[in-house]
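Next up, target01.pdb (PDB, C-alpha atoms):
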```pdb
ATOM      1  CA  MET Y  23     101.448 156.032 112.708
ATOM      2  CA  ILE Y  24     100.132 157.166 109.360
ATOM      3  CA  ASN Y  25     101.362 158.239 105.938
ATOM      4  CA  GLN Y  26     100.180 157.270 102.500
ATOM      5  CA  LYS Y  27     103.689 156.360 101.371
ATOM      6  CA  GLY Y  28     105.427 153.034 101.882
ATOM      7  CA  GLY Y  29     108.905 152.822 103.368
ATOM      8  CA  CYS Y  30     108.381 155.796 105.660
ATOM      9  CA  GLY Y  31     109.175 153.906 108.829
ATOM     10  CA  LYS Y  32     105.682 153.414 110.248
ATOM     11  CA  SER Y  33     106.102 149.746 111.166
ATOM     12  CA  SER Y  34     109.693 150.160 112.290
ATOM     13  CA  SER Y  35     108.783 153.156 114.463
ATOM     14  CA  CYS Y  36     105.943 151.246 116.117
ATOM     15  CA  PHE Y  37     108.164 148.191 116.645
ATOM     16  CA  HIS Y  38     111.066 150.001 118.285
ATOM     17  CA  LEU Y  39     109.018 152.652 120.098
ATOM     18  CA  ALA Y  40     107.004 149.883 121.756
ATOM     19  CA  GLY Y  41     110.251 148.456 123.081
ATOM     20  CA  ALA Y  42     111.391 151.770 124.550
ATOM     21  CA  LEU Y  43     108.013 152.376 126.184
ATOM     22  CA  ALA Y  44     107.829 148.835 127.550
ATOM     23  CA  ARG Y  45     111.330 149.109 129.009
ATOM     24  CA  SER Y  46     110.255 152.319 130.794
ATOM     25  CA  GLY Y  47     107.418 150.437 132.496
ATOM     26  CA  GLN Y  48     104.557 151.113 130.096
ATOM     27  CA  ASN Y  49     102.212 148.288 129.140
ATOM     28  CA  VAL Y  50     101.937 148.557 125.353
ATOM     29  CA  LEU Y  51      99.396 147.167 122.900
ATOM     30  CA  LEU Y  52     100.392 147.130 119.238
ATOM     31  CA  VAL Y  53      97.580 147.012 116.686
ATOM     32  CA  ASP Y  54      98.577 146.103 113.137
ATOM     33  CA  VAL Y  55      96.060 147.357 110.570
ATOM     34  CA  ASP Y  56      98.336 146.934 107.548
ATOM     35  CA  PRO Y  57      97.438 143.889 105.391
ATOM     36  CA  GLN Y  58     101.161 143.445 104.730
ATOM     37  CA  GLY Y  59     101.528 142.527 108.403
ATOM     38  CA  SER Y  60     105.088 143.842 108.681
ATOM     39  CA  LEU Y  61     104.744 144.800 112.342
ATOM     40  CA  SER Y  62     103.233 141.401 113.152
ATOM     41  CA  GLN Y  63     106.035 139.613 111.315
ATOM     42  CA  GLY Y  64     108.560 141.611 113.310
ATOM     43  CA  PHE Y  65     107.429 139.770 116.447
ATOM     44  CA  LEU Y  66     105.991 136.490 115.181
ATOM     45  CA  GLY Y  67     107.873 135.841 111.939
ATOM     46  CA  PRO Y  68     106.422 135.601 108.393
ATOM     47  CA  ALA Y  69     105.433 131.924 108.534
ATOM     48  CA  VAL Y  70     103.370 132.308 111.702
ATOM     49  CA  VAL Y  71     101.683 135.503 110.555
ATOM     50  CA  GLU Y  72     100.776 134.160 107.131
ATOM     51  CA  SER Y  73      99.248 131.036 108.688
ATOM     52  CA  LEU Y  74      96.983 132.904 111.106
ATOM     53  CA  PRO Y  75      93.264 132.442 110.366
ATOM     54  CA  ALA Y  76      91.314 135.646 109.819
ATOM     55  CA  THR Y  77      89.457 135.104 113.099
ATOM     56  CA  LYS Y  78      92.766 135.502 114.952
ATOM     57  CA  THR Y  79      93.634 138.791 113.250
ATOM     58  CA  VAL Y  80      92.341 142.340 113.183
ATOM     59  CA  ALA Y  81      90.385 141.438 110.022
ATOM     60  CA  SER Y  82      87.661 139.950 112.216
ATOM     61  CA  LEU Y  83      86.827 143.458 113.471
ATOM     62  CA  TYR Y  84      85.649 144.392 109.997
ATOM     63  CA  ASP Y  85      83.929 141.119 109.127
ATOM     64  CA  GLU Y  86      80.212 141.077 109.982
ATOM     65  CA  ALA Y  87      80.367 137.300 110.315
ATOM     66  CA  SER Y  88      82.788 137.690 113.234
ATOM     67  CA  PHE Y  89      81.096 140.520 115.117
ATOM     68  CA  PHE Y  90      80.008 138.279 118.005
ATOM     69  CA  GLN Y  91      83.225 136.343 118.532
ATOM     70  CA  ASP Y  92      85.337 136.675 121.680
ATOM     71  CA  ARG Y  93      87.561 139.608 120.749
ATOM     72  CA  SER Y  94      90.007 138.913 123.544
ATOM     73  CA  GLU Y  95      91.425 136.195 121.280
ATOM     74  CA  LEU Y  96      92.733 138.860 118.924
ATOM     75  CA  ILE Y  97      95.360 140.041 121.395
ATOM     76  CA  GLN Y  98      98.490 137.953 121.746
ATOM     77  CA  ALA Y  99     101.276 138.278 124.276
ATOM     78  CA  THR Y 100     104.682 138.618 122.643
ATOM     79  CA  HIS Y 101     108.033 137.316 123.854
ATOM     80  CA  VAL Y 102     108.878 140.878 124.953
ATOM     81  CA  ASP Y 103     107.652 141.792 128.430
ATOM     82  CA  GLY Y 104     105.155 144.623 128.361
ATOM     83  CA  ILE Y 105     104.213 144.300 124.676
ATOM     84  CA  SER Y 106     101.033 142.665 123.349
ATOM     85  CA  LEU Y 107     100.007 142.453 119.714
ATOM     86  CA  CYS Y 108      96.835 142.393 117.664
ATOM     87  CA  PRO Y 109      98.211 140.955 114.389
ATOM     88  CA  ALA Y 110      97.262 141.365 110.754
ATOM     89  CA  ASN Y 111      97.875 139.542 107.494
ATOM     90  CA  GLN Y 112      96.454 139.463 103.962
ATOM     91  CA  SER Y 113      93.032 138.448 105.268
ATOM     92  CA  LEU Y 114      92.599 142.144 106.086
ATOM     93  CA  ALA Y 115      93.118 143.291 102.480
ATOM     94  CA  PRO Y 116      89.490 142.866 101.248
ATOM     95  CA  PHE Y 117      88.272 145.199 104.001
ATOM     96  CA  ASN Y 118      90.750 147.995 103.254
ATOM     97  CA  MET Y 119      88.540 149.748 100.721
ATOM     98  CA  PRO Y 120      88.610 153.348  99.442
ATOM     99  CA  SER Y 121      85.893 155.841 100.448
ATOM    100  CA  PRO Y 122      85.767 154.484 104.017
ATOM    101  CA  GLU Y 123      83.539 157.335 105.153
ATOM    102  CA  LEU Y 124      80.740 155.557 103.273
ATOM    103  CA  SER Y 125      81.181 152.256 105.110
ATOM    104  CA  GLY Y 126      78.579 152.889 107.805
ATOM    105  CA  ALA Y 127      79.039 151.428 111.287
ATOM    106  CA  THR Y 128      82.280 149.675 110.262
ATOM    107  CA  GLN Y 129      83.993 153.042 110.604
ATOM    108  CA  PHE Y 130      83.734 152.630 114.373
ATOM    109  CA  ALA Y 131      84.911 148.998 114.551
ATOM    110  CA  MET Y 132      88.405 149.854 115.739
ATOM    111  CA  ARG Y 133      87.207 152.454 118.235
ATOM    112  CA  GLU Y 134      84.740 150.011 119.802
ATOM    113  CA  PHE Y 135      87.419 147.317 120.036
ATOM    114  CA  LEU Y 136      89.958 149.588 121.700
ATOM    115  CA  GLU Y 137      87.388 150.978 124.129
ATOM    116  CA  GLU Y 138      86.963 147.417 125.409
ATOM    117  CA  GLN Y 139      90.652 147.081 126.244
ATOM    118  CA  THR Y 140      91.913 147.729 129.768
ATOM    119  CA  GLY Y 141      95.309 147.456 131.353
ATOM    120  CA  PHE Y 142      97.280 149.161 128.601
ATOM    121  CA  ASP Y 143      99.104 152.450 129.075
ATOM    122  CA  VAL Y 144      99.795 153.038 125.387
ATOM    123  CA  ILE Y 145      98.224 151.676 122.197
ATOM    124  CA  LEU Y 146     100.190 152.108 118.963
ATOM    125  CA  ILE Y 147      98.422 151.536 115.640
ATOM    126  CA  ASP Y 148     100.466 150.792 112.527
ATOM    127  CA  CYS Y 149      98.587 151.889 109.401
ATOM    128  CA  PRO Y 150      99.012 150.792 105.763
ATOM    129  CA  PRO Y 151     100.601 153.097 103.126
ATOM    130  CA  ASN Y 152      97.275 154.541 102.019
ATOM    131  CA  LEU Y 153      94.317 156.481 103.403
ATOM    132  CA  TYR Y 154      91.709 153.758 102.918
ATOM    133  CA  ALA Y 155      89.448 152.055 105.455
ATOM    134  CA  CYS Y 156      92.145 150.722 107.793
ATOM    135  CA  SER Y 157      93.816 154.108 108.196
ATOM    136  CA  TRP Y 158      90.434 155.796 108.481
ATOM    137  CA  THR Y 159      89.161 153.544 111.267
ATOM    138  CA  ALA Y 160      92.485 153.970 113.077
ATOM    139  CA  MET Y 161      92.054 157.760 113.009
ATOM    140  CA  VAL Y 162      88.466 157.457 114.175
ATOM    141  CA  ALA Y 163      89.745 155.446 117.156
ATOM    142  CA  ALA Y 164      92.965 157.285 118.023
ATOM    143  CA  ASP Y 165      93.786 160.170 120.327
ATOM    144  CA  TYR Y 166      96.867 161.283 118.398
ATOM    145  CA  VAL Y 167      98.441 160.952 114.956
ATOM    146  CA  ILE Y 168     102.162 160.685 114.263
ATOM    147  CA  ILE Y 169     103.292 161.097 110.651
ATOM    148  CA  PRO Y 170     106.649 159.421 109.845
ATOM    149  CA  VAL Y 171     108.347 161.270 106.980
ATOM    150  CA  PRO Y 172     111.668 160.421 105.303
ATOM    151  CA  PRO Y 173     113.462 163.596 104.110
ATOM    152  CA  GLU Y 174     112.972 163.143 100.382
ATOM    153  CA  ASP Y 175     110.486 163.961  97.640
ATOM    154  CA  PHE Y 176     108.726 160.598  97.688
ATOM    155  CA  GLY Y 177     108.330 160.785 101.470
ATOM    156  CA  THR Y 178     106.973 164.324 101.627
ATOM    157  CA  GLN Y 179     104.646 164.129  98.642
ATOM    158  CA  GLY Y 180     101.024 163.823  99.632
ATOM    159  CA  LEU Y 181     101.329 165.286 103.142
ATOM    160  CA  ARG Y 182      98.487 167.684 102.387
ATOM    161  CA  ALA Y 183      96.240 164.720 101.661
ATOM    162  CA  VAL Y 184      97.262 163.141 104.978
ATOM    163  CA  HIS Y 185      96.407 166.304 106.872
ATOM    164  CA  GLN Y 186      93.119 166.595 105.014
ATOM    165  CA  ALA Y 187      92.270 163.010 105.961
ATOM    166  CA  ILE Y 188      92.992 163.848 109.609
ATOM    167  CA  ASP Y 189      90.679 166.869 109.396
ATOM    168  CA  ASN Y 190      87.977 164.700 107.838
ATOM    169  CA  ALA Y 191      88.342 162.046 110.550
ATOM    170  CA  ARG Y 192      87.870 164.722 113.216
ATOM    171  CA  GLN Y 193      84.260 164.997 112.109
ATOM    172  CA  LEU Y 194      83.758 161.591 113.726
ATOM    173  CA  ASN Y 195      86.532 161.919 116.306
ATOM    174  CA  PRO Y 196      86.770 165.578 117.401
ATOM    175  CA  GLY Y 197      89.443 164.741 119.971
ATOM    176  CA  LEU Y 198      91.959 163.556 117.345
ATOM    177  CA  ARG Y 199      95.163 165.611 117.486
ATOM    178  CA  ARG Y 200      98.347 165.795 115.428
ATOM    179  CA  LEU Y 201     101.265 164.895 117.665
ATOM    180  CA  GLY Y 202     103.844 165.694 115.009
ATOM    181  CA  HIS Y 203     105.891 164.686 111.981
ATOM    182  CA  LEU Y 204     108.640 162.195 112.749
ATOM    183  CA  VAL Y 205     111.625 162.541 110.413
ATOM    184  CA  THR Y 206     112.939 159.044 109.665
ATOM    185  CA  ARG Y 207     115.805 157.545 107.642
ATOM    186  CA  PHE Y 208     117.729 160.768 108.239
ATOM    187  CA  ASP Y 209     121.383 161.176 107.280
ATOM    188  CA  SER Y 210     122.841 164.377 108.736
ATOM    189  CA  ARG Y 211     125.765 164.180 106.290
ATOM    190  CA  LEU Y 212     123.422 164.839 103.372
ATOM    191  CA  ILE Y 213     122.641 168.480 102.674
ATOM    192  CA  ILE Y 214     119.404 167.479 100.945
ATOM    193  CA  HIS Y 215     118.182 165.723 104.101
ATOM    194  CA  ARG Y 216     118.899 168.779 106.232
ATOM    195  CA  GLU Y 217     117.169 171.013 103.704
ATOM    196  CA  TYR Y 218     114.068 168.819 103.622
ATOM    197  CA  ARG Y 219     113.825 168.827 107.407
ATOM    198  CA  ASP Y 220     114.178 172.620 107.464
ATOM    199  CA  ARG Y 221     111.481 172.914 104.807
ATOM    200  CA  LEU Y 222     109.186 170.635 106.802
ATOM    201  CA  ILE Y 223     109.664 172.822 109.873
ATOM    202  CA  LYS Y 224     108.771 175.918 107.834
ATOM    203  CA  LEU Y 225     105.645 174.232 106.471
ATOM    204  CA  TYR Y 226     104.499 172.809 109.812
ATOM    205  CA  PRO Y 227     105.897 174.913 112.675
ATOM    206  CA  GLU Y 228     105.723 173.153 116.046
ATOM    207  CA  LEU Y 229     104.544 169.970 114.316
ATOM    208  CA  VAL Y 230     107.968 168.498 113.599
ATOM    209  CA  LEU Y 231     109.382 166.333 116.372
ATOM    210  CA  GLU Y 232     112.840 167.284 117.598
ATOM    211  CA  THR Y 233     113.956 163.653 117.734
ATOM    212  CA  VAL Y 234     115.209 162.488 114.346
ATOM    213  CA  ILE Y 235     115.511 158.790 113.518
ATOM    214  CA  PRO Y 236     118.485 157.844 111.317
ATOM    215  CA  GLU Y 237     118.997 154.906 108.992
ATOM    216  CA  ALA Y 238     120.923 152.737 111.467
ATOM    217  CA  SER Y 239     121.963 149.113 111.111
ATOM    218  CA  ALA Y 240     120.986 148.399 114.727
ATOM    219  CA  PHE Y 241     117.330 148.938 113.821
ATOM    220  CA  LYS Y 242     117.450 146.397 111.003
ATOM    221  CA  VAL Y 243     119.504 143.796 112.838
ATOM    222  CA  SER Y 244     117.231 143.895 115.872
ATOM    223  CA  VAL Y 245     114.126 143.433 113.684
ATOM    224  CA  ALA Y 246     115.784 140.412 112.071
ATOM    225  CA  CYS Y 247     116.276 139.054 115.604
ATOM    226  CA  ARG Y 248     112.599 139.739 116.457
ATOM    227  CA  MET Y 249     113.553 142.179 119.229
ATOM    228  CA  PRO Y 250     113.011 145.960 119.525
ATOM    229  CA  VAL Y 251     116.363 147.723 119.533
ATOM    230  CA  GLU Y 252     115.897 148.721 123.185
ATOM    231  CA  PHE Y 253     116.057 145.047 124.125
ATOM    232  CA  TYR Y 254     118.522 143.843 121.489
ATOM    233  CA  SER Y 255     121.107 146.635 121.680
ATOM    234  CA  PRO Y 256     120.183 148.994 124.538
ATOM    235  CA  ARG Y 257     123.519 150.862 124.465
ATOM    236  CA  SER Y 258     123.335 151.679 120.770
ATOM    237  CA  ARG Y 259     122.678 155.144 119.390
ATOM    238  CA  ALA Y 260     119.523 153.757 117.793
ATOM    239  CA  ALA Y 261     118.143 152.698 121.191
ATOM    240  CA  GLU Y 262     119.114 156.041 122.711
ATOM    241  CA  LEU Y 263     117.200 157.948 120.039
ATOM    242  CA  THR Y 264     114.181 155.681 120.373
ATOM    243  CA  ARG Y 265     114.085 156.355 124.112
ATOM    244  CA  ALA Y 266     114.333 160.079 123.374
ATOM    245  CA  LEU Y 267     111.421 159.758 120.942
ATOM    246  CA  GLY Y 268     109.270 158.040 123.548
ATOM    247  CA  GLN Y 269     110.060 160.748 126.110
ATOM    248  CA  GLU Y 270     109.326 163.528 123.634
ATOM    249  CA  LEU Y 271     105.987 162.019 122.626
ATOM    250  CA  LEU Y 272     104.890 161.544 126.236
ATOM    251  CA  ALA Y 273     105.961 165.113 127.024
ATOM    252  CA  ARG Y 274     103.910 166.452 124.105
ATOM    253  CA  ILE Y 275     100.895 164.447 125.212
ATOM    254  CA  SER Y 276     101.278 165.756 128.756
ATOM    255  CA  LEU Y 277     101.561 169.342 127.507
ATOM    256  CA  ARG Y 278      98.497 169.045 125.295
ATOM    257  CA  THR Y 279      96.527 167.434 128.104
ATOM    258  CA  GLU Y 280      97.407 170.316 130.436
ATOM    259  CA  THR Y 281      96.496 172.839 127.750
ATOM    260  CA  ALA Y 282      93.144 171.163 127.131
ATOM    261  CA  THR Y 283      92.436 171.106 130.874
ATOM    262  CA  ASN Y 284      93.278 174.791 131.201
ATOM    263  CA  CYS Y 285      91.050 175.650 128.246
ATOM    264  CA  MET Y 286      88.188 173.694 129.780
ATOM    265  CA  GLY Y 287      88.705 175.661 132.972
ATOM    266  CA  VAL Y 288      88.476 178.938 131.097
ATOM    267  CA  TRP Y 289      85.305 177.856 129.331
TER     268      TRP Y 289
END
```
Please re-express this file's structure in structure tokens.
Amino acid sequence: MINQKGGCGKSSSCFHLAGALARSGQNVLLVDVDPQGSLSQGFLGPAVVESLPATKTVASLYDEASFFQDRSELIQATHVDGISLCPANQSLAPFNMPSPELSGATQFAMREFLEEQTGFDVILIDCPPNLYACSWTAMVAADYVIIPVPPEDFGTQGLRAVHQAIDNARQLNPGLRRLGHLVTRFDSRLIIHREYRDRLIKLYPELVLETVIPEASAFKVSVACRMPVEFYSPRSRAAELTRALGQELLARISLRTETATNCMGVW
């Protein structure tokens, strides 16, 4: 999940989507690469996250002094069945530097870590609200990018820079693909929200997800209770839409995999 704007719904989308995928039988690993640690706090609480030593967080992947530690210690089981977490806190901040393409072998730190992991069906990476080192290494490691976008000026500004960063990352990770823009915080009663979504579809045909995530109280209440909405309020509209999002994403991945296989056959 990537966008260079804060408040776009990256952490929330990862948090709740993990719940929907876990409930469907997927084994999910969440990787928090945002120094704010919002996703980590959603499961562990602020006090626990802030007290974690750097060696127990994703920061150790970028610290040369920790290169030879047992990386299995970075992954924690959560209280939600099927969801594991690699947490982050402010100890990651010094490593989230601009011009990450100049950082040498550190660019591949996340990719190498994730390649070591087995037993997970889905890995979701929550990126910070910028395009610095943490977002860059996530793109170098990932198969797909999802761009959460609220339907407003502040949310849609800078999308060109995000797409340019994805293109740049493909120089190191040619398999990286855009899975789509996820419209978040949507209010269908507002004409301006509908207009922004229509404009986004015109700008990026076929790259706007059909599932739209509204600003719903169930999302916020469930986070406060440290539970994805699928587990806290499974009959809510919020949970229903999150399940639909998970199904749509898996369907898009399946379609792109089939297309890639067919293309390889032709070649």
Proximity to Leu231 in chain Y - best of Y:Gly64, Y:Gly202, Y:Gly28, Y:Pro170, all atoms listed in the file:
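Of Y:Gly64, Y:Gly202, Y:Gly28, Y:Pro170, the one nearest Leu231 in chain Y is Y:Gly202, counting all atoms listed in the file.
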Range 104-147 of chain Y residues near range 182-197 of chain Y within 12 Å, closest pair each, using only C-alpha atoms, as CSV:
```
residue,atom,partner,partner_atom,distance
Y:Ser121,CA,Y:Ala187,CA,11.1
Y:Pro122,CA,Y:Ala191,CA,10.3
Y:Glu123,CA,Y:Ala191,CA,8.6
Y:Gly126,CA,Y:Leu194,CA,11.7
Y:Ala127,CA,Y:Leu194,CA,11.5
Y:Gln129,CA,Y:Leu194,CA,9.1
Y:Phe130,CA,Y:Leu194,CA,9.0
Y:Arg133,CA,Y:Asn195,CA,9.7
```
Need the shell around Ile214 in chain Y: protein/DNA/RNA residues with any atom at most 8 Å away, counting only C-alpha atoms. Skip same-chain ones fewer than 4 positions apart. Format as a PyMOL selection string?
chain Y and resi 173-174+218
Quick one: pull the distance between CA of Glu217 in chain Y and CA of Val205 in chain Y, Å, one decimal.
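These atoms are spaced 12.1 Å apart.
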So what does the PyMOL selection byres ((chain Y and resi 25) around 8) actually pick up in this one, as a list of chain:residue names?
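What the PyMOL selection byres ((chain Y and resi 25) around 8) grabs from the file is Y:Met23, Y:Ile24, Y:Gln26, Y:Lys27, Y:Gly28, Y:Cys30, Y:Lys32, Y:Cys149, Y:Pro150, Y:Pro151, Y:Asn152, Y:Leu153, Y:Ile169, Y:Pro170, Y:Val171, Y:Leu181, Y:Val184.
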To one decimal place in Å, what is the distance between CA of Ser113 in chain Y and CA of Gly59 in chain Y?
9.9 Å
Quick check, in Å to one decimal: how far apart do CA of Leu66 in chain Y and CA of Ala164 in chain Y lie?
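Calculated distance between CA of Leu66 in chain Y and CA of Ala164 in chain Y is 24.7 Å.
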List, as a compact mmCIF listing (two decimals) with C-alpha atoms, in the frame of the given file, every residue that the PyMOL selection byres ((chain Y and resi 156) around 9) selects in the file provided.
```txt
# COMPACT_ATOMS: atom_id res chain seq x y z
CA VAL Y 55 96.06 147.36 110.57
CA ASP Y 56 98.34 146.93 107.55
CA PRO Y 57 97.44 143.89 105.39
CA LEU Y 114 92.60 142.14 106.09
CA PHE Y 117 88.27 145.20 104.00
CA ASN Y 118 90.75 148.00 103.25
CA MET Y 119 88.54 149.75 100.72
CA PRO Y 122 85.77 154.48 104.02
CA GLN Y 129 83.99 153.04 110.60
CA MET Y 132 88.40 149.85 115.74
CA CYS Y 149 98.59 151.89 109.40
CA PRO Y 150 99.01 150.79 105.76
CA ASN Y 152 97.28 154.54 102.02
CA LEU Y 153 94.32 156.48 103.40
CA TYR Y 154 91.71 153.76 102.92
CA ALA Y 155 89.45 152.06 105.46
CA SER Y 157 93.82 154.11 108.20
CA TRP Y 158 90.43 155.80 108.48
CA THR Y 159 89.16 153.54 111.27
CA ALA Y 160 92.48 153.97 113.08
CA MET Y 161 92.05 157.76 113.01
```
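For the file shown, the residue list from the PyMOL selection byres ((chain Y and resi 199) around 7) reads Y:Asp165, Y:Tyr166, Y:Val167, Y:Gly197, Y:Leu198, Y:Arg200, Y:Leu201.
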Let me make sure I understand: among Y:Ser60, Y:Thr233, Y:Ser106, Y:Thr140, which one has the smallest atom-to-atom distance to Arg207 in chain Y if we use all atoms listed in the file?
Y:Thr233
Within 9 Å of Ser73 in chain Y, counting all atoms listed in the file, which residues show up once you throw out same-chain ones fewer than 4 positions away? Write them as a count of residues only, please.
3
Long-range neighbours of Ile105 in chain Y as a PyMOL selection string, 9 Å cut-off, all atoms listed in the file, 4 positions minimum in chain:
chain Y and resi 40-41+44+48-52+99-101
Give me the residues near Arg248 in chain Y as a PyMOL selection string, where near means some atom within 9 Å (using all atoms listed in the file) and where sequence neighbours in that chain fewer than 5 positions away do not count.
chain Y and resi 63-67+243+254
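Closest to Gly104 in chain Y among Y:Gln269, Y:Ser33, Y:Ser88, Y:Ser46 is Y:Ser46, based on only C-alpha atoms.
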Report as a PyMOL selection string all protein, DNA and RNA residues lying within 12 Å of Ala238 in chain Y, evaluated on only C-alpha atoms, omitting residues in the same chain fewer than 4 positions from it.
chain Y and resi 34+206-209+234+242-245+251+255+258-264
How big is the axis-aligned box around all listed atoms of range 106-121 of chain Y once 4 Å goes on each side, and where's its centre, in Å to one decimal, as lines of an AutoDock Vina configuration file?
```
center_x = 93.5
center_y = 147.1
center_z = 111.4
size_x = 23.1
size_y = 25.4
size_z = 31.9
```
Reconstruct range 185-206 of chain Y at the level of N, CA and C atoms, and format the result as a CSV table (one decimal), in the coordinates of the input.
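Heads up, here's the output in rebuild_29.csv:
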```csv
chain,number,residue,atom,x,y,z
Y,185,HIS,N,97.0,165.3,105.9
Y,185,HIS,CA,96.4,166.3,106.9
Y,185,HIS,C,94.9,166.5,106.6
Y,186,GLN,N,94.5,166.5,105.3
Y,186,GLN,CA,93.1,166.6,105.0
Y,186,GLN,C,92.3,165.4,105.5
Y,187,ALA,N,92.9,164.2,105.4
Y,187,ALA,CA,92.3,163.0,106.0
Y,187,ALA,C,92.1,163.1,107.5
Y,188,ILE,N,93.1,163.7,108.2
Y,188,ILE,CA,93.0,163.8,109.6
Y,188,ILE,C,91.9,164.8,109.9
Y,189,ASP,N,91.8,165.9,109.2
Y,189,ASP,CA,90.7,166.9,109.4
Y,189,ASP,C,89.3,166.2,109.2
Y,190,ASN,N,89.2,165.4,108.1
Y,190,ASN,CA,88.0,164.7,107.8
Y,190,ASN,C,87.6,163.7,109.0
Y,191,ALA,N,88.6,163.0,109.5
Y,191,ALA,CA,88.3,162.0,110.6
Y,191,ALA,C,87.9,162.7,111.8
Y,192,ARG,N,88.3,164.0,112.0
Y,192,ARG,CA,87.9,164.7,113.2
Y,192,ARG,C,86.4,165.0,113.2
Y,193,GLN,N,85.7,164.9,112.1
Y,193,GLN,CA,84.3,165.0,112.1
Y,193,GLN,C,83.6,163.9,112.9
Y,194,LEU,N,84.2,162.7,112.9
Y,194,LEU,CA,83.8,161.6,113.7
Y,194,LEU,C,84.5,161.5,115.0
Y,195,ASN,N,85.7,162.0,115.1
Y,195,ASN,CA,86.5,161.9,116.3
Y,195,ASN,C,87.1,163.3,116.6
Y,196,PRO,N,86.3,164.2,117.2
Y,196,PRO,CA,86.8,165.6,117.4
Y,196,PRO,C,88.0,165.7,118.3
Y,197,GLY,N,88.3,164.7,119.1
Y,197,GLY,CA,89.4,164.7,120.0
Y,197,GLY,C,90.8,164.4,119.3
Y,198,LEU,N,90.7,164.0,118.0
Y,198,LEU,CA,92.0,163.6,117.3
Y,198,LEU,C,92.9,164.7,117.2
Y,199,ARG,N,94.2,164.5,117.6
Y,199,ARG,CA,95.2,165.6,117.5
Y,199,ARG,C,96.4,165.1,116.7
Y,200,ARG,N,97.1,166.1,116.1
Y,200,ARG,CA,98.3,165.8,115.4
Y,200,ARG,C,99.4,165.9,116.5
Y,201,LEU,N,100.2,164.8,116.7
Y,201,LEU,CA,101.3,164.9,117.7
Y,201,LEU,C,102.5,165.4,117.0
Y,202,GLY,N,102.7,165.2,115.7
Y,202,GLY,CA,103.8,165.7,115.0
Y,202,GLY,C,104.3,164.8,113.9
Y,203,HIS,N,105.2,165.4,113.0
Y,203,HIS,CA,105.9,164.7,112.0
Y,203,HIS,C,107.2,164.1,112.5
Y,204,LEU,N,107.4,162.9,112.3
Y,204,LEU,CA,108.6,162.2,112.7
Y,204,LEU,C,109.6,162.0,111.5
Y,205,VAL,N,110.7,162.7,111.5
Y,205,VAL,CA,111.6,162.5,110.4
Y,205,VAL,C,112.4,161.2,110.6
Y,206,THR,N,112.3,160.4,109.6
Y,206,THR,CA,112.9,159.0,109.7
Y,206,THR,C,114.0,158.9,108.6
```
